[in-house]
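What follows is work08.txt (compact mmCIF, C-alpha atoms).
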```
# COMPACT_ATOMS: atom_id res chain seq x y z
CA MET A 11 -39.61 41.90 -36.77
CA THR A 12 -42.59 39.92 -37.99
CA SER A 13 -42.97 36.21 -37.38
CA ARG A 14 -42.58 35.54 -41.11
CA GLU A 15 -39.33 37.51 -41.23
CA VAL A 16 -37.91 35.63 -38.23
CA GLN A 17 -39.07 32.23 -39.47
CA THR A 18 -37.53 32.80 -42.90
CA ALA A 19 -34.29 34.05 -41.35
CA ARG A 20 -34.05 30.93 -39.20
CA ALA A 21 -34.70 28.72 -42.22
CA LEU A 22 -31.98 30.39 -44.31
CA LEU A 23 -29.49 30.18 -41.45
CA LYS A 24 -30.37 26.53 -40.83
CA ILE A 25 -29.43 25.48 -44.37
CA ARG A 26 -26.34 27.72 -44.36
CA ALA A 27 -27.66 29.88 -47.18
CA VAL A 28 -26.26 32.94 -45.36
CA PHE A 29 -22.49 33.23 -44.97
CA PHE A 30 -20.87 35.64 -42.51
CA ARG A 31 -17.26 36.78 -43.03
CA PRO A 32 -16.81 40.17 -41.39
CA ASP A 33 -13.06 39.65 -41.12
CA GLU A 34 -12.65 38.45 -44.72
CA PRO A 35 -15.42 40.17 -46.71
CA PHE A 36 -16.94 38.88 -49.91
CA ILE A 37 -16.43 41.08 -52.97
CA TRP A 38 -19.53 41.78 -55.04
CA ALA A 39 -19.46 42.39 -58.80
CA SER A 40 -19.90 46.10 -58.01
CA GLY A 41 -16.67 46.03 -55.99
CA ILE A 42 -18.46 46.45 -52.66
CA LYS A 43 -16.88 44.43 -49.86
CA SER A 44 -19.60 42.70 -47.89
CA PRO A 45 -19.43 40.83 -44.57
CA VAL A 46 -22.46 38.78 -45.65
CA TYR A 47 -23.30 36.65 -48.66
CA CYS A 48 -26.77 35.21 -49.17
CA ASP A 49 -26.97 32.23 -51.55
CA ASN A 50 -30.67 31.59 -52.00
CA ARG A 51 -29.98 28.96 -54.65
CA LEU A 52 -29.37 26.59 -51.75
CA ILE A 53 -33.07 26.83 -50.94
CA LEU A 54 -33.85 24.68 -53.97
CA THR A 55 -31.87 21.75 -52.56
CA ALA A 56 -33.56 21.88 -49.16
CA PRO A 57 -37.14 20.62 -49.68
CA GLU A 58 -38.60 21.66 -46.31
CA VAL A 59 -37.21 25.18 -46.50
CA ARG A 60 -38.07 25.39 -50.19
CA ALA A 61 -41.71 24.58 -49.41
CA GLU A 62 -41.78 27.19 -46.63
CA VAL A 63 -40.22 29.88 -48.82
CA GLU A 64 -42.48 29.23 -51.80
CA ARG A 65 -45.57 29.32 -49.58
CA GLY A 66 -44.31 32.62 -48.23
CA ILE A 67 -43.87 34.07 -51.71
CA ALA A 68 -47.35 32.90 -52.67
CA GLU A 69 -48.75 34.51 -49.50
CA ILE A 70 -47.03 37.81 -50.29
CA ILE A 71 -48.53 37.83 -53.78
CA SER A 72 -52.01 36.99 -52.50
CA GLU A 73 -51.82 39.58 -49.72
CA TYR A 74 -50.09 42.51 -51.42
CA TYR A 75 -50.80 41.92 -55.11
CA PRO A 76 -54.26 40.30 -55.28
CA ASP A 77 -54.83 41.61 -58.82
CA ALA A 78 -51.74 39.89 -60.25
CA GLU A 79 -52.32 38.01 -63.48
CA VAL A 80 -48.85 36.61 -64.20
CA LEU A 81 -45.56 36.13 -62.34
CA MET A 82 -42.22 36.91 -63.96
CA GLY A 83 -38.99 35.56 -62.52
CA THR A 84 -35.65 37.29 -62.79
CA SER A 85 -32.93 35.42 -64.63
CA THR A 86 -31.64 33.19 -63.33
CA ALA A 87 -32.18 33.08 -59.57
CA GLY A 88 -35.84 34.08 -59.56
CA ILE A 89 -37.03 31.63 -62.22
CA ALA A 90 -37.54 28.55 -60.05
CA HIS A 91 -39.19 30.52 -57.26
CA ALA A 92 -41.57 32.19 -59.71
CA ALA A 93 -42.44 28.82 -61.22
CA ILE A 94 -43.20 27.14 -57.89
CA ALA A 95 -45.15 30.10 -56.53
CA ALA A 96 -47.14 30.27 -59.78
CA HIS A 97 -47.93 26.57 -59.44
CA LEU A 98 -49.20 27.10 -55.89
CA LEU A 99 -51.35 30.02 -57.03
CA ASN A 100 -52.44 28.37 -60.29
CA MET A 101 -51.10 31.34 -62.24
CA PRO A 102 -49.11 31.68 -65.47
CA MET A 103 -45.44 32.57 -65.23
CA GLY A 104 -42.48 33.44 -67.36
CA TYR A 105 -39.10 35.03 -66.91
CA VAL A 106 -36.98 37.88 -68.18
CA ARG A 107 -33.54 37.23 -69.62
CA SER A 108 -30.63 39.54 -68.86
CA GLY A 109 -30.57 40.28 -72.60
CA ALA A 110 -32.41 39.28 -75.74
CA LYS A 111 -31.40 36.02 -77.38
CA ASP A 112 -29.36 36.31 -80.56
CA HIS A 113 -31.20 33.44 -82.24
CA GLY A 114 -34.69 32.03 -82.75
CA ARG A 115 -37.38 34.57 -81.84
CA LYS A 116 -34.76 36.71 -80.07
CA ASN A 117 -36.92 36.95 -76.97
CA GLN A 118 -35.91 38.69 -73.79
CA ILE A 119 -39.22 37.90 -72.12
CA GLU A 120 -39.92 34.17 -72.08
CA GLY A 121 -43.51 33.04 -71.71
CA ARG A 122 -46.71 34.69 -72.91
CA LEU A 123 -47.19 38.28 -71.81
CA GLU A 124 -50.02 40.39 -73.15
CA PRO A 125 -49.92 44.21 -73.10
CA GLY A 126 -51.77 45.53 -70.07
CA GLN A 127 -51.35 42.39 -67.98
CA LYS A 128 -50.71 42.91 -64.28
CA VAL A 129 -47.35 41.42 -63.35
CA VAL A 130 -45.45 40.65 -60.15
CA VAL A 131 -41.70 40.17 -60.43
CA VAL A 132 -40.22 37.38 -58.32
CA GLU A 133 -36.62 37.96 -57.22
CA ASP A 134 -34.38 36.03 -54.84
CA LEU A 135 -32.60 39.00 -53.24
CA ILE A 136 -32.29 42.75 -53.56
CA SER A 137 -29.22 44.81 -52.72
CA THR A 138 -28.82 48.03 -54.70
CA GLY A 139 -31.94 47.33 -56.78
CA GLY A 140 -30.30 47.65 -60.18
CA SER A 141 -30.95 44.14 -61.47
CA VAL A 142 -34.62 43.93 -60.55
CA LEU A 143 -35.32 47.39 -61.97
CA GLU A 144 -33.83 46.32 -65.31
CA VAL A 145 -36.43 43.54 -65.35
CA VAL A 146 -39.21 45.95 -64.39
CA ASN A 147 -38.19 48.29 -67.23
CA VAL A 148 -38.20 45.47 -69.79
CA LEU A 149 -41.68 44.43 -68.69
CA ARG A 150 -43.00 47.99 -68.76
CA GLU A 151 -41.59 48.53 -72.23
CA ALA A 152 -43.49 45.42 -73.29
CA GLY A 153 -46.70 47.02 -72.05
CA ALA A 154 -47.08 45.18 -68.73
CA GLU A 155 -48.39 46.84 -65.59
CA VAL A 156 -45.85 45.92 -62.94
CA LEU A 157 -47.62 45.80 -59.59
CA GLY A 158 -44.41 45.24 -57.63
CA VAL A 159 -41.79 42.74 -56.54
CA ALA A 160 -41.92 39.72 -54.23
CA SER A 161 -38.47 38.71 -52.99
CA ILE A 162 -36.94 36.34 -50.49
CA PHE A 163 -34.35 38.65 -48.97
CA THR A 164 -33.42 42.32 -49.06
CA TYR A 165 -30.32 44.00 -47.71
CA GLY A 166 -32.43 47.09 -47.00
CA MET A 167 -29.78 49.42 -48.38
CA GLU A 168 -30.76 53.05 -48.75
CA LYS A 169 -29.57 53.13 -52.38
CA GLY A 170 -31.78 50.19 -53.31
CA ALA A 171 -34.81 51.54 -51.46
CA LEU A 172 -34.38 54.95 -53.10
CA ARG A 173 -34.09 53.46 -56.57
CA LEU A 174 -37.25 51.43 -56.09
CA ARG A 175 -39.18 54.45 -54.78
CA GLU A 176 -38.06 56.64 -57.67
CA ALA A 177 -39.20 53.95 -60.11
CA GLY A 178 -42.53 53.58 -58.33
CA VAL A 179 -41.87 49.94 -57.48
CA GLN A 180 -42.94 48.27 -54.24
CA ASN A 181 -40.90 45.36 -52.92
CA ILE A 182 -42.11 42.95 -50.24
CA SER A 183 -39.49 40.54 -48.89
CA LEU A 184 -39.84 37.45 -46.74
CA THR A 185 -36.96 38.64 -44.56
CA ASN A 186 -34.21 41.23 -44.46
CA PHE A 187 -30.63 41.91 -43.47
CA ASP A 188 -31.39 43.37 -40.05
CA VAL A 189 -33.55 40.42 -39.01
CA ILE A 190 -31.02 37.86 -40.20
CA ALA A 191 -28.21 39.64 -38.33
CA ARG A 192 -30.15 39.70 -35.07
CA VAL A 193 -31.43 36.13 -35.36
CA ALA A 194 -27.91 34.95 -36.23
CA ALA A 195 -26.56 36.56 -33.06
CA GLU A 196 -29.37 35.15 -30.91
CA GLU A 197 -28.79 31.63 -32.21
CA GLY A 198 -24.99 31.70 -32.05
CA TYR A 199 -24.06 31.89 -35.73
CA ILE A 200 -22.19 35.11 -35.01
CA VAL A 201 -21.22 36.96 -31.84
CA LYS A 202 -23.44 39.85 -30.74
CA GLU A 203 -20.62 42.34 -31.23
CA ASP A 204 -20.72 41.60 -34.97
CA VAL A 205 -24.28 42.89 -35.31
CA ARG A 206 -23.09 46.51 -35.01
CA ARG A 207 -20.56 45.93 -37.78
CA LEU A 208 -23.15 44.32 -40.02
CA ILE A 209 -25.67 47.13 -39.54
CA ALA A 210 -22.92 49.72 -40.14
CA PHE A 211 -22.16 47.98 -43.44
CA ARG A 212 -25.86 48.03 -44.36
CA ASP A 213 -26.06 51.74 -43.65
CA ARG A 214 -22.94 52.68 -45.64
CA PRO A 215 -21.82 49.80 -47.88
CA ASP A 216 -19.38 51.99 -49.83
CA ASP A 217 -17.57 52.99 -46.63
CA GLU A 218 -15.33 50.27 -45.21
CA SER A 219 -15.12 51.89 -41.78
CA TRP A 220 -17.49 49.18 -40.49
CA ARG A 221 -14.53 46.81 -40.58
CA SER A 222 -12.84 48.64 -37.71
CA ILE A 223 -15.84 48.80 -35.39
```

In structure tokens, what does this structure look like?
Amino acid sequence: MTSREVQTARALLKIRAVFFRPDEPFIWASGIKSPVYCDNRLILTAPEVRAEVERGIAEIISEYYPDAEVLMGTSTAGIAHAAIAAHLLNMPMGYVRSGAKDHGRKNQIEGRLEPGQKVVVVEDLISTGGSVLEVVNVLREAGAEVLGVASIFTYGMEKGALRLREAGVQNISLTNFDVIARVAAEEGYIVKEDVRRLIAFRDRPDDESWRSI
């Protein structure tokens, strides 16, 4: 665990952006039953944590993607974070819609993007990787060179990691599922016995046997 990962985990837990319900799991759109739900939209209403997170995103971009020319947020959760990080870095930004508009210019990519520009995608969280890769594909089809992804939180699921590798996409997150689980246990948000259940879910999210651990 790096200091940045731990610090971000503590910040998200402090503002209750991470919800734990191992006995009454949340149901994702995919049908997966999860003992954890991360609502990074709450970051925007917590100024101190928001400032910390946006500085962290800006640091990731400067450190891992120094050649970046434009930031592109995912719709809708990544838009605000991309905008603030771009402001800190004095960079242009835009965002990618989930689908093209059916009116006006019928854009799917909002903001100016020139073919060949080096882009970093800003995402709030990554689970199975499907959503962020749709954005990457749209940008690549538009001629952009996608350097990678900067995200706030990743579940670290094998399926998501495999998808990103196969697509040749690097993701750097401020924190991850394992760190949040361990910090939550250390600080009393959950009992230590729950960590095993949470990690078992992370390892095999389609298998509900973690519920009986």

task: Name the closest residue to Phe30 in chain A among the candidates A:Thr138, A:Asn100, A:Ser183, A:Ser44; distances are taken between atoms, counting all atoms listed in the file.
output: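 Comparing A:Thr138, A:Asn100, A:Ser183, A:Ser44 against Phe30 in chain A, the winner is A:Ser44.
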
Closest of A:Val148, A:Ala194, A:Val59, A:Ser137 to Ile42 in chain A - atom-to-atom distances counting only C-alpha atoms: A:Ser137

- prompt: Could you work out how far CA of Pro125 in chain A lies from CA of Leu98 in chain A, giving the answer in Å with one decimal?
  reply: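 Separation between CA of Leu98 in chain A and CA of Pro125 in chain A: 24.3 Å.
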
- prompt: So which residues touch Met101 in chain A within 9 Å, counting all atoms listed in the file, skipping near sequence neighbours fewer than 2 positions away, as a VMD selection string?
  reply: chain A and resid 78 to 81 95 to 99 103

Export C-alpha atoms of the chosen residues as a PDB file, keeping the file's coordinate frame?
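As a result, selection_24.pdb now contains:
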```pdb
ATOM      1  CA  ALA A  78     -51.740  39.890 -60.250  1.00  0.00           C
ATOM      2  CA  GLU A  79     -52.320  38.010 -63.480  1.00  0.00           C
ATOM      3  CA  VAL A  80     -48.850  36.610 -64.200  1.00  0.00           C
ATOM      4  CA  LEU A  81     -45.560  36.130 -62.340  1.00  0.00           C
ATOM      5  CA  ALA A  95     -45.150  30.100 -56.530  1.00  0.00           C
ATOM      6  CA  ALA A  96     -47.140  30.270 -59.780  1.00  0.00           C
ATOM      7  CA  HIS A  97     -47.930  26.570 -59.440  1.00  0.00           C
ATOM      8  CA  LEU A  98     -49.200  27.100 -55.890  1.00  0.00           C
ATOM      9  CA  LEU A  99     -51.350  30.020 -57.030  1.00  0.00           C
ATOM     10  CA  MET A 103     -45.440  32.570 -65.230  1.00  0.00           C
TER      11      MET A 103
END
```

query: Near Arg26 in chain A, counting only C-alpha atoms, which residues have an atom at most 12 Å away, once you skip same-chain residues fewer than 3 positions from it, shown as a PyMOL selection string?
result: chain A and resi 19-23+29-30+46-53+55-56+59+190+194+199

field: Between CA of Glu133 in chain A and CA of Asn117 in chain A, distance in Å (one decimal)
entry: 19.8 Å

- request: Identify the residues within 6 Å of coordinate (-20.8, 47.2, -47.1) (same frame as the file), considering only C-alpha atoms, and give the answer as an MDAnalysis selection string.
  value: chainID A and resid 43:44 211:212 215:216

Supply range 147-168 of chain A as a PDB file, in the coordinates of the input, with N, CA, C and O atoms built in where the input has gaps.
```pdb
ATOM      1  N   ASN A 147     -38.196  47.424 -66.046  1.00  0.00           N
ATOM      2  CA  ASN A 147     -38.190  48.290 -67.230  1.00  0.00           C
ATOM      3  C   ASN A 147     -38.494  47.514 -68.500  1.00  0.00           C
ATOM      4  O   ASN A 147     -39.240  47.998 -69.371  1.00  0.00           O
ATOM      5  N   VAL A 148     -37.933  46.310 -68.613  1.00  0.00           N
ATOM      6  CA  VAL A 148     -38.200  45.470 -69.790  1.00  0.00           C
ATOM      7  C   VAL A 148     -39.688  45.138 -69.861  1.00  0.00           C
ATOM      8  O   VAL A 148     -40.305  45.203 -70.936  1.00  0.00           O
ATOM      9  N   LEU A 149     -40.264  44.788 -68.732  1.00  0.00           N
ATOM     10  CA  LEU A 149     -41.680  44.430 -68.690  1.00  0.00           C
ATOM     11  C   LEU A 149     -42.569  45.638 -69.003  1.00  0.00           C
ATOM     12  O   LEU A 149     -43.560  45.536 -69.734  1.00  0.00           O
ATOM     13  N   ARG A 150     -42.217  46.787 -68.473  1.00  0.00           N
ATOM     14  CA  ARG A 150     -43.000  47.990 -68.760  1.00  0.00           C
ATOM     15  C   ARG A 150     -42.920  48.364 -70.229  1.00  0.00           C
ATOM     16  O   ARG A 150     -43.916  48.773 -70.832  1.00  0.00           O
ATOM     17  N   GLU A 151     -41.746  48.221 -70.809  1.00  0.00           N
ATOM     18  CA  GLU A 151     -41.590  48.530 -72.230  1.00  0.00           C
ATOM     19  C   GLU A 151     -42.426  47.592 -73.093  1.00  0.00           C
ATOM     20  O   GLU A 151     -42.843  47.968 -74.198  1.00  0.00           O
ATOM     21  N   ALA A 152     -42.667  46.389 -72.569  1.00  0.00           N
ATOM     22  CA  ALA A 152     -43.490  45.420 -73.290  1.00  0.00           C
ATOM     23  C   ALA A 152     -44.980  45.661 -73.059  1.00  0.00           C
ATOM     24  O   ALA A 152     -45.820  44.926 -73.596  1.00  0.00           O
ATOM     25  N   GLY A 153     -45.315  46.664 -72.275  1.00  0.00           N
ATOM     26  CA  GLY A 153     -46.700  47.020 -72.050  1.00  0.00           C
ATOM     27  C   GLY A 153     -47.327  46.443 -70.793  1.00  0.00           C
ATOM     28  O   GLY A 153     -48.532  46.617 -70.553  1.00  0.00           O
ATOM     29  N   ALA A 154     -46.538  45.761 -69.967  1.00  0.00           N
ATOM     30  CA  ALA A 154     -47.080  45.180 -68.730  1.00  0.00           C
ATOM     31  C   ALA A 154     -47.276  46.249 -67.672  1.00  0.00           C
ATOM     32  O   ALA A 154     -46.577  47.277 -67.649  1.00  0.00           O
ATOM     33  N   GLU A 155     -48.220  46.010 -66.781  1.00  0.00           N
ATOM     34  CA  GLU A 155     -48.390  46.840 -65.590  1.00  0.00           C
ATOM     35  C   GLU A 155     -47.734  46.105 -64.429  1.00  0.00           C
ATOM     36  O   GLU A 155     -48.261  45.103 -63.951  1.00  0.00           O
ATOM     37  N   VAL A 156     -46.585  46.588 -64.009  1.00  0.00           N
ATOM     38  CA  VAL A 156     -45.850  45.920 -62.940  1.00  0.00           C
ATOM     39  C   VAL A 156     -46.399  46.382 -61.597  1.00  0.00           C
ATOM     40  O   VAL A 156     -46.251  47.547 -61.214  1.00  0.00           O
ATOM     41  N   LEU A 157     -47.022  45.455 -60.880  1.00  0.00           N
ATOM     42  CA  LEU A 157     -47.620  45.800 -59.590  1.00  0.00           C
ATOM     43  C   LEU A 157     -46.559  45.933 -58.503  1.00  0.00           C
ATOM     44  O   LEU A 157     -46.743  46.684 -57.543  1.00  0.00           O
ATOM     45  N   GLY A 158     -45.458  45.186 -58.629  1.00  0.00           N
ATOM     46  CA  GLY A 158     -44.410  45.240 -57.630  1.00  0.00           C
ATOM     47  C   GLY A 158     -43.542  43.997 -57.682  1.00  0.00           C
ATOM     48  O   GLY A 158     -43.591  43.220 -58.641  1.00  0.00           O
ATOM     49  N   VAL A 159     -42.760  43.824 -56.633  1.00  0.00           N
ATOM     50  CA  VAL A 159     -41.790  42.740 -56.540  1.00  0.00           C
ATOM     51  C   VAL A 159     -42.053  41.925 -55.284  1.00  0.00           C
ATOM     52  O   VAL A 159     -42.382  42.483 -54.227  1.00  0.00           O
ATOM     53  N   ALA A 160     -41.922  40.619 -55.397  1.00  0.00           N
ATOM     54  CA  ALA A 160     -41.920  39.720 -54.230  1.00  0.00           C
ATOM     55  C   ALA A 160     -40.547  39.070 -54.187  1.00  0.00           C
ATOM     56  O   ALA A 160     -40.132  38.440 -55.157  1.00  0.00           O
ATOM     57  N   SER A 161     -39.835  39.237 -53.080  1.00  0.00           N
ATOM     58  CA  SER A 161     -38.470  38.710 -52.990  1.00  0.00           C
ATOM     59  C   SER A 161     -38.289  37.932 -51.686  1.00  0.00           C
ATOM     60  O   SER A 161     -39.069  38.069 -50.749  1.00  0.00           O
ATOM     61  N   ILE A 162     -37.238  37.145 -51.669  1.00  0.00           N
ATOM     62  CA  ILE A 162     -36.940  36.340 -50.490  1.00  0.00           C
ATOM     63  C   ILE A 162     -36.209  37.165 -49.439  1.00  0.00           C
ATOM     64  O   ILE A 162     -36.525  37.124 -48.254  1.00  0.00           O
ATOM     65  N   PHE A 163     -35.246  37.957 -49.896  1.00  0.00           N
ATOM     66  CA  PHE A 163     -34.350  38.650 -48.970  1.00  0.00           C
ATOM     67  C   PHE A 163     -33.970  40.006 -49.519  1.00  0.00           C
ATOM     68  O   PHE A 163     -33.737  40.160 -50.719  1.00  0.00           O
ATOM     69  N   THR A 164     -33.926  41.016 -48.663  1.00  0.00           N
ATOM     70  CA  THR A 164     -33.420  42.320 -49.060  1.00  0.00           C
ATOM     71  C   THR A 164     -32.375  42.793 -48.070  1.00  0.00           C
ATOM     72  O   THR A 164     -32.518  42.572 -46.856  1.00  0.00           O
ATOM     73  N   TYR A 165     -31.338  43.417 -48.580  1.00  0.00           N
ATOM     74  CA  TYR A 165     -30.320  44.000 -47.710  1.00  0.00           C
ATOM     75  C   TYR A 165     -30.836  45.269 -47.032  1.00  0.00           C
ATOM     76  O   TYR A 165     -30.288  45.712 -46.032  1.00  0.00           O
ATOM     77  N   GLY A 166     -31.880  45.875 -47.598  1.00  0.00           N
ATOM     78  CA  GLY A 166     -32.430  47.090 -47.000  1.00  0.00           C
ATOM     79  C   GLY A 166     -31.533  48.299 -47.149  1.00  0.00           C
ATOM     80  O   GLY A 166     -31.600  49.242 -46.350  1.00  0.00           O
ATOM     81  N   MET A 167     -30.690  48.303 -48.173  1.00  0.00           N
ATOM     82  CA  MET A 167     -29.780  49.420 -48.380  1.00  0.00           C
ATOM     83  C   MET A 167     -30.534  50.651 -48.859  1.00  0.00           C
ATOM     84  O   MET A 167     -31.481  50.554 -49.645  1.00  0.00           O
ATOM     85  N   GLU A 168     -30.098  51.802 -48.399  1.00  0.00           N
ATOM     86  CA  GLU A 168     -30.760  53.050 -48.750  1.00  0.00           C
ATOM     87  C   GLU A 168     -30.772  53.264 -50.261  1.00  0.00           C
ATOM     88  O   GLU A 168     -31.771  53.706 -50.833  1.00  0.00           O
TER      89      GLU A 168
END
```
